[in-house]
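Coordinates as given in protein-v5.cif (mmCIF, C-alpha atoms and all ligand atoms):
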```
data_my_file
loop_
_atom_site.group_PDB
_atom_site.id
_atom_site.type_symbol
_atom_site.label_atom_id
_atom_site.label_comp_id
_atom_site.auth_asym_id
_atom_site.auth_seq_id
_atom_site.Cartn_x
_atom_site.Cartn_y
_atom_site.Cartn_z
ATOM 1 C CA MET R 1 17.089 6.617 -28.582
ATOM 2 C CA LYS R 2 13.634 6.199 -27.133
ATOM 3 C CA ASN R 3 11.269 9.143 -27.539
ATOM 4 C CA ASP R 4 9.209 9.296 -24.347
ATOM 5 C CA SER R 5 7.650 12.729 -24.634
ATOM 6 C CA CYS R 6 5.714 14.716 -27.181
ATOM 7 C CA PRO R 7 4.773 18.409 -27.248
ATOM 8 C CA HIS R 8 1.127 17.424 -27.902
ATOM 9 C CA GLU R 9 0.704 15.292 -24.765
ATOM 10 C CA ASN R 10 -1.218 17.918 -22.799
ATOM 11 C CA LEU R 11 -3.556 18.631 -25.708
ATOM 12 C CA VAL R 12 -4.243 14.918 -26.135
ATOM 13 C CA ALA R 13 -4.860 14.449 -22.409
ATOM 14 C CA THR R 14 -7.265 17.388 -22.329
ATOM 15 C CA ALA R 15 -9.077 16.160 -25.427
ATOM 16 C CA ALA R 16 -9.353 12.641 -24.016
ATOM 17 C CA ARG R 17 -10.688 14.006 -20.735
ATOM 18 C CA THR R 18 -13.205 16.387 -22.286
ATOM 19 C CA GLY R 19 -14.049 14.351 -25.368
ATOM 20 C CA LYS R 20 -13.447 17.395 -27.596
ATOM 21 C CA TRP R 21 -11.054 16.343 -30.329
ATOM 22 C CA GLU R 22 -9.803 18.245 -33.348
ATOM 23 C CA GLU R 23 -9.289 16.183 -36.484
ATOM 24 C CA SER R 24 -5.566 16.962 -36.650
ATOM 25 C CA LEU R 25 -5.111 15.918 -33.017
ATOM 26 C CA ILE R 26 -6.930 12.631 -33.623
ATOM 27 C CA ALA R 27 -4.630 11.931 -36.565
ATOM 28 C CA HIS R 28 -1.571 12.768 -34.490
ATOM 29 C CA ALA R 29 -2.718 10.643 -31.522
ATOM 30 C CA ASN R 30 -3.255 7.680 -33.823
ATOM 31 C CA GLU R 31 0.283 7.915 -35.186
ATOM 32 C CA CYS R 32 2.297 9.083 -32.171
ATOM 33 C CA VAL R 33 3.131 6.306 -29.691
ATOM 34 C CA VAL R 34 3.436 8.707 -26.758
ATOM 35 C CA CYS R 35 0.132 10.441 -27.441
ATOM 36 C CA ARG R 36 -1.642 7.159 -28.078
ATOM 37 C CA GLU R 37 -0.557 5.969 -24.616
ATOM 38 C CA VAL R 38 -1.569 9.313 -23.086
ATOM 39 C CA LYS R 39 -4.973 8.991 -24.732
ATOM 40 C CA GLU R 40 -5.459 5.416 -23.489
ATOM 41 C CA VAL R 41 -4.446 6.308 -19.948
ATOM 42 C CA ALA R 42 -6.624 9.439 -19.890
ATOM 43 C CA VAL R 43 -9.639 7.494 -21.147
ATOM 44 C CA TRP R 44 -9.007 4.724 -18.607
ATOM 45 C CA MET R 45 -8.642 7.205 -15.743
ATOM 46 C CA GLY R 46 -11.812 8.966 -16.854
ATOM 47 C CA SER R 47 -13.743 5.716 -16.761
ATOM 48 C CA LEU R 48 -12.247 4.891 -13.377
ATOM 49 C CA ALA R 49 -13.273 8.271 -11.995
ATOM 50 C CA GLY R 50 -16.738 7.805 -13.463
ATOM 51 C CA GLN R 51 -17.236 4.684 -11.351
ATOM 52 C CA PHE R 52 -17.062 6.771 -8.179
ATOM 53 C CA GLU R 53 -18.947 9.770 -9.505
ATOM 54 C CA ASN R 54 -22.204 8.856 -7.786
ATOM 55 C CA GLU R 55 -20.611 7.647 -4.569
ATOM 56 C CA PRO R 56 -21.654 9.781 -1.627
ATOM 57 C CA VAL R 57 -18.839 11.600 0.101
ATOM 58 C CA PRO R 58 -18.693 10.674 3.807
ATOM 59 C CA HIS R 59 -19.428 13.376 6.331
ATOM 60 C CA GLU R 60 -16.358 15.231 7.558
ATOM 61 C CA LYS R 61 -16.953 14.262 11.186
ATOM 62 C CA LEU R 62 -17.091 10.607 10.217
ATOM 63 C CA VAL R 63 -13.755 10.895 8.407
ATOM 64 C CA TRP R 64 -12.264 12.681 11.417
ATOM 65 C CA LEU R 65 -13.571 10.046 13.850
ATOM 66 C CA ARG R 66 -12.209 7.234 11.684
ATOM 67 C CA SER R 67 -8.794 8.873 11.679
ATOM 68 C CA LEU R 68 -8.926 9.214 15.473
ATOM 69 C CA ILE R 69 -9.858 5.549 15.840
ATOM 70 C CA ARG R 70 -7.042 4.467 13.496
ATOM 71 C CA GLU R 71 -4.579 6.655 15.375
ATOM 72 C CA GLU R 72 -5.665 5.165 18.719
ATOM 73 C CA GLN R 73 -5.403 1.613 17.333
ATOM 74 C CA ALA R 74 -1.908 2.333 16.045
ATOM 75 C CA ARG R 75 -0.933 3.789 19.436
ATOM 76 C CA GLN R 76 -2.242 0.688 21.228
ATOM 77 C CA ASP R 77 -0.462 -1.612 18.787
ATOM 78 C CA ARG R 78 2.814 0.217 19.422
ATOM 79 C CA ALA R 79 2.283 0.047 23.191
ATOM 80 C CA LEU R 80 1.499 -3.688 23.160
ATOM 81 C CA ARG R 81 4.340 -4.687 20.830
ATOM 82 C CA PRO R 82 6.895 -5.269 23.653
ATOM 83 C CA LEU R 83 4.383 -7.496 25.429
ATOM 84 C CA ALA R 84 3.882 -9.554 22.276
ATOM 85 C CA VAL R 85 7.651 -9.949 21.919
ATOM 86 C CA ALA R 86 7.943 -10.988 25.579
ATOM 87 C CA GLN R 87 5.099 -13.444 25.128
ATOM 88 C CA GLY R 88 6.852 -14.964 22.115
ATOM 89 C CA ILE R 89 10.071 -15.316 24.069
ATOM 90 C CA LEU R 90 8.204 -17.000 26.935
ATOM 91 C CA VAL R 91 6.525 -19.434 24.545
ATOM 92 C CA LEU R 92 9.875 -20.297 22.965
ATOM 93 C CA GLY R 93 11.443 -20.759 26.383
ATOM 94 C CA ALA R 94 8.598 -22.964 27.573
ATOM 95 C CA THR R 95 8.788 -25.005 24.385
ATOM 96 C CA ALA R 96 12.522 -25.457 24.805
ATOM 97 C CA TRP R 97 11.996 -26.408 28.452
ATOM 98 C CA LEU R 98 9.434 -29.057 27.493
ATOM 99 C CA ALA R 99 11.593 -30.377 24.650
ATOM 100 C CA VAL R 100 14.515 -31.128 26.920
ATOM 101 C CA PRO R 101 14.108 -34.264 29.080
ATOM 102 C CA GLN R 102 13.334 -33.117 32.593
ATOM 103 C CA THR R 103 16.151 -35.084 34.223
ATOM 104 C CA GLN R 104 18.733 -33.233 32.186
ATOM 105 C CA SER R 105 17.002 -29.899 31.833
ATOM 106 C CA ILE R 106 18.480 -28.187 34.839
ATOM 107 C CA GLY R 107 21.986 -29.262 33.878
ATOM 108 C CA VAL R 108 21.450 -28.181 30.253
ATOM 109 C CA LEU R 109 20.082 -24.814 31.255
ATOM 110 C CA LEU R 110 22.867 -24.243 33.748
ATOM 111 C CA THR R 111 25.382 -25.094 31.038
ATOM 112 C CA ALA R 112 23.630 -22.926 28.485
ATOM 113 C CA PHE R 113 23.366 -19.858 30.692
ATOM 114 C CA SER R 114 26.565 -20.174 32.683
ATOM 115 C CA PRO R 115 29.220 -17.569 32.051
ATOM 116 C CA THR R 116 32.292 -18.903 30.313
HETATM 117 ZN ZN ZN R 201 2.455 13.004 -29.834
#
```
Before we go any further, please render this structure as structure tokens.
Amino acid sequence: MKNDSCPHENLVATAARTGKWEESLIAHANECVVCREVKEVAVWMGSLAGQFENEPVPHEKLVWLRSLIREEQARQDRALRPLAVAQGILVLGATAWLAVPQTQSIGVLLTAFSPT
């Protein structure tokens, strides 16, 4: 049976995040597969977070305005979707009309759309 948890996981994660390790915990993390993975992930996440540490946080009004703009764009996209579908149908119909020889097109269309 696979052992996918360890009672020392939280201690290892805290130590990896803070950099404060006890000797016994280091020894355990080097031997325990679960804690070794927790340590690697915690160190990786710490380095990832460190990359954005000096990034300026955008002003709250800017974030709010961006959300309003995205919401409006999504609303417009939803409103225009039926027109895009209709346009696609018209293009397909026009293409089909042009693909059929003109002398037979009326007869073909009447046959295709006539009730049976
Ligand atoms: Zn462990």
Reference answer for the PyMOL selection byres (((not hetatm)) within 8 of (chain R and resi 201)), as number ranges by chain | R: 5-9, 12, 28-29, 31-36
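One distance worth recording is that between atom CA of R:Ser47 and atom CA of R:Thr14, which is 14.5 Å.
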Considering only C-alpha atoms, return as a list in words whatever protein or nucleic-acid residues lie within 7 Å of R:Ala13, sequence-local ones (same chain, fewer than 3 positions apart) excluded.
->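 Near neighbours after the sequence-gap exclusion: Glu9, Asn10, Ala16, Arg17, Val38, Lys39 and Ala42 of chain R.
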Dump C-alpha atoms for the selected residues as a PDB file, in the coordinates of the input?
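part17.pdb, freshly written:
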```pdb
ATOM      1  CA  GLU R   9       0.704  15.292 -24.765  1.00  0.00           C
ATOM      2  CA  ASN R  10      -1.218  17.918 -22.799  1.00  0.00           C
ATOM      3  CA  ALA R  16      -9.353  12.641 -24.016  1.00  0.00           C
ATOM      4  CA  ARG R  17     -10.688  14.006 -20.735  1.00  0.00           C
ATOM      5  CA  VAL R  38      -1.569   9.313 -23.086  1.00  0.00           C
ATOM      6  CA  LYS R  39      -4.973   8.991 -24.732  1.00  0.00           C
ATOM      7  CA  ALA R  42      -6.624   9.439 -19.890  1.00  0.00           C
TER       8      ALA R  42
END
```
Please, what distance in Å, to one decimal, runs between atom CA of R:Leu11 and atom CA of R:Val41?
->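 Separation between atom CA of R:Leu11 and atom CA of R:Val41: 13.6 Å.
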Go ahead and fit an axis-aligned box to every listed atom of stretch 38-56 of chain R plus 6 Å each side, and pass me the centre and edge lengths in Å, one decimal, as lines of an AutoDock Vina configuration file.
```
center_x = -11.9
center_y = 7.2
center_z = -13.2
size_x = 32.6
size_y = 17.1
size_z = 35.1
```
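One distance worth recording is that between atom CA of R:Trp21 and atom CA of R:Val43, which is 12.8 Å.
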Residue rebuild result stretch 29-65 of chain R, N, CA and C atoms as a compact mmCIF listing (two decimals), in the coordinates of the input:
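Final file, rebuild16.txt:
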```txt
# COMPACT_ATOMS: atom_id res chain seq x y z
N ALA R 29 -2.65 11.63 -32.60
CA ALA R 29 -2.72 10.64 -31.52
C ALA R 29 -2.73 9.21 -32.05
N ASN R 30 -3.24 9.02 -33.25
CA ASN R 30 -3.26 7.68 -33.82
C ASN R 30 -1.88 7.26 -34.33
N GLU R 31 -1.04 8.23 -34.64
CA GLU R 31 0.28 7.92 -35.19
C GLU R 31 1.40 8.00 -34.15
N CYS R 32 1.24 8.87 -33.16
CA CYS R 32 2.30 9.08 -32.17
C CYS R 32 2.13 8.07 -31.01
N VAL R 33 3.19 7.33 -30.74
CA VAL R 33 3.13 6.31 -29.69
C VAL R 33 2.88 6.94 -28.33
N VAL R 34 3.57 8.04 -28.06
CA VAL R 34 3.44 8.71 -26.76
C VAL R 34 2.01 9.21 -26.58
N CYS R 35 1.49 9.88 -27.57
CA CYS R 35 0.13 10.44 -27.44
C CYS R 35 -0.93 9.35 -27.43
N ARG R 36 -0.69 8.27 -28.12
CA ARG R 36 -1.64 7.16 -28.08
C ARG R 36 -1.72 6.59 -26.65
N GLU R 37 -0.56 6.45 -26.00
CA GLU R 37 -0.56 5.97 -24.62
C GLU R 37 -1.21 6.98 -23.68
N VAL R 38 -0.94 8.27 -23.91
CA VAL R 38 -1.57 9.31 -23.09
C VAL R 38 -3.09 9.25 -23.24
N LYS R 39 -3.53 9.08 -24.46
CA LYS R 39 -4.97 8.99 -24.73
C LYS R 39 -5.58 7.79 -24.01
N GLU R 40 -4.93 6.63 -24.12
CA GLU R 40 -5.46 5.42 -23.49
C GLU R 40 -5.52 5.56 -21.97
N VAL R 41 -4.47 6.13 -21.41
CA VAL R 41 -4.45 6.31 -19.95
C VAL R 41 -5.51 7.32 -19.51
N ALA R 42 -5.63 8.41 -20.25
CA ALA R 42 -6.62 9.44 -19.89
C ALA R 42 -8.05 8.88 -19.98
N VAL R 43 -8.31 8.10 -21.01
CA VAL R 43 -9.64 7.49 -21.15
C VAL R 43 -9.89 6.50 -20.01
N TRP R 44 -8.87 5.70 -19.69
CA TRP R 44 -9.01 4.72 -18.61
C TRP R 44 -9.24 5.43 -17.27
N MET R 45 -8.47 6.48 -17.01
CA MET R 45 -8.64 7.20 -15.74
C MET R 45 -10.01 7.88 -15.68
N GLY R 46 -10.48 8.36 -16.82
CA GLY R 46 -11.81 8.97 -16.85
C GLY R 46 -12.89 7.95 -16.53
N SER R 47 -12.75 6.75 -17.07
CA SER R 47 -13.74 5.72 -16.76
C SER R 47 -13.65 5.27 -15.31
N LEU R 48 -12.43 5.25 -14.79
CA LEU R 48 -12.25 4.89 -13.38
C LEU R 48 -12.89 5.93 -12.47
N ALA R 49 -12.68 7.20 -12.80
CA ALA R 49 -13.27 8.27 -12.00
C ALA R 49 -14.79 8.24 -12.11
N GLY R 50 -15.30 7.86 -13.26
CA GLY R 50 -16.74 7.80 -13.46
C GLY R 50 -17.41 6.77 -12.59
N GLN R 51 -16.66 5.73 -12.21
CA GLN R 51 -17.24 4.68 -11.35
C GLN R 51 -17.58 5.22 -9.97
N PHE R 52 -16.85 6.23 -9.53
CA PHE R 52 -17.06 6.77 -8.18
C PHE R 52 -17.82 8.10 -8.20
N GLU R 53 -18.29 8.47 -9.37
CA GLU R 53 -18.95 9.77 -9.51
C GLU R 53 -20.20 9.88 -8.65
N ASN R 54 -20.95 8.81 -8.54
CA ASN R 54 -22.20 8.86 -7.79
C ASN R 54 -22.06 8.39 -6.35
N GLU R 55 -20.84 8.07 -5.95
CA GLU R 55 -20.61 7.65 -4.57
C GLU R 55 -20.77 8.84 -3.64
N PRO R 56 -21.52 8.66 -2.56
CA PRO R 56 -21.65 9.78 -1.63
C PRO R 56 -20.35 10.01 -0.87
N VAL R 57 -20.04 11.24 -0.65
CA VAL R 57 -18.84 11.60 0.10
C VAL R 57 -19.19 11.51 1.58
N PRO R 58 -18.37 10.79 2.39
CA PRO R 58 -18.69 10.67 3.81
C PRO R 58 -18.62 12.02 4.51
N HIS R 59 -19.40 12.14 5.56
CA HIS R 59 -19.43 13.38 6.33
C HIS R 59 -18.06 13.62 6.95
N GLU R 60 -17.70 14.88 7.06
CA GLU R 60 -16.36 15.23 7.56
C GLU R 60 -16.10 14.74 8.98
N LYS R 61 -17.13 14.74 9.81
CA LYS R 61 -16.95 14.26 11.19
C LYS R 61 -16.68 12.76 11.21
N LEU R 62 -17.32 12.05 10.30
CA LEU R 62 -17.09 10.61 10.22
C LEU R 62 -15.65 10.32 9.80
N VAL R 63 -15.14 11.07 8.84
CA VAL R 63 -13.76 10.90 8.41
C VAL R 63 -12.81 11.21 9.56
N TRP R 64 -13.11 12.27 10.28
CA TRP R 64 -12.26 12.68 11.42
C TRP R 64 -12.29 11.62 12.51
N LEU R 65 -13.47 11.08 12.82
CA LEU R 65 -13.57 10.05 13.85
C LEU R 65 -12.83 8.78 13.43
```
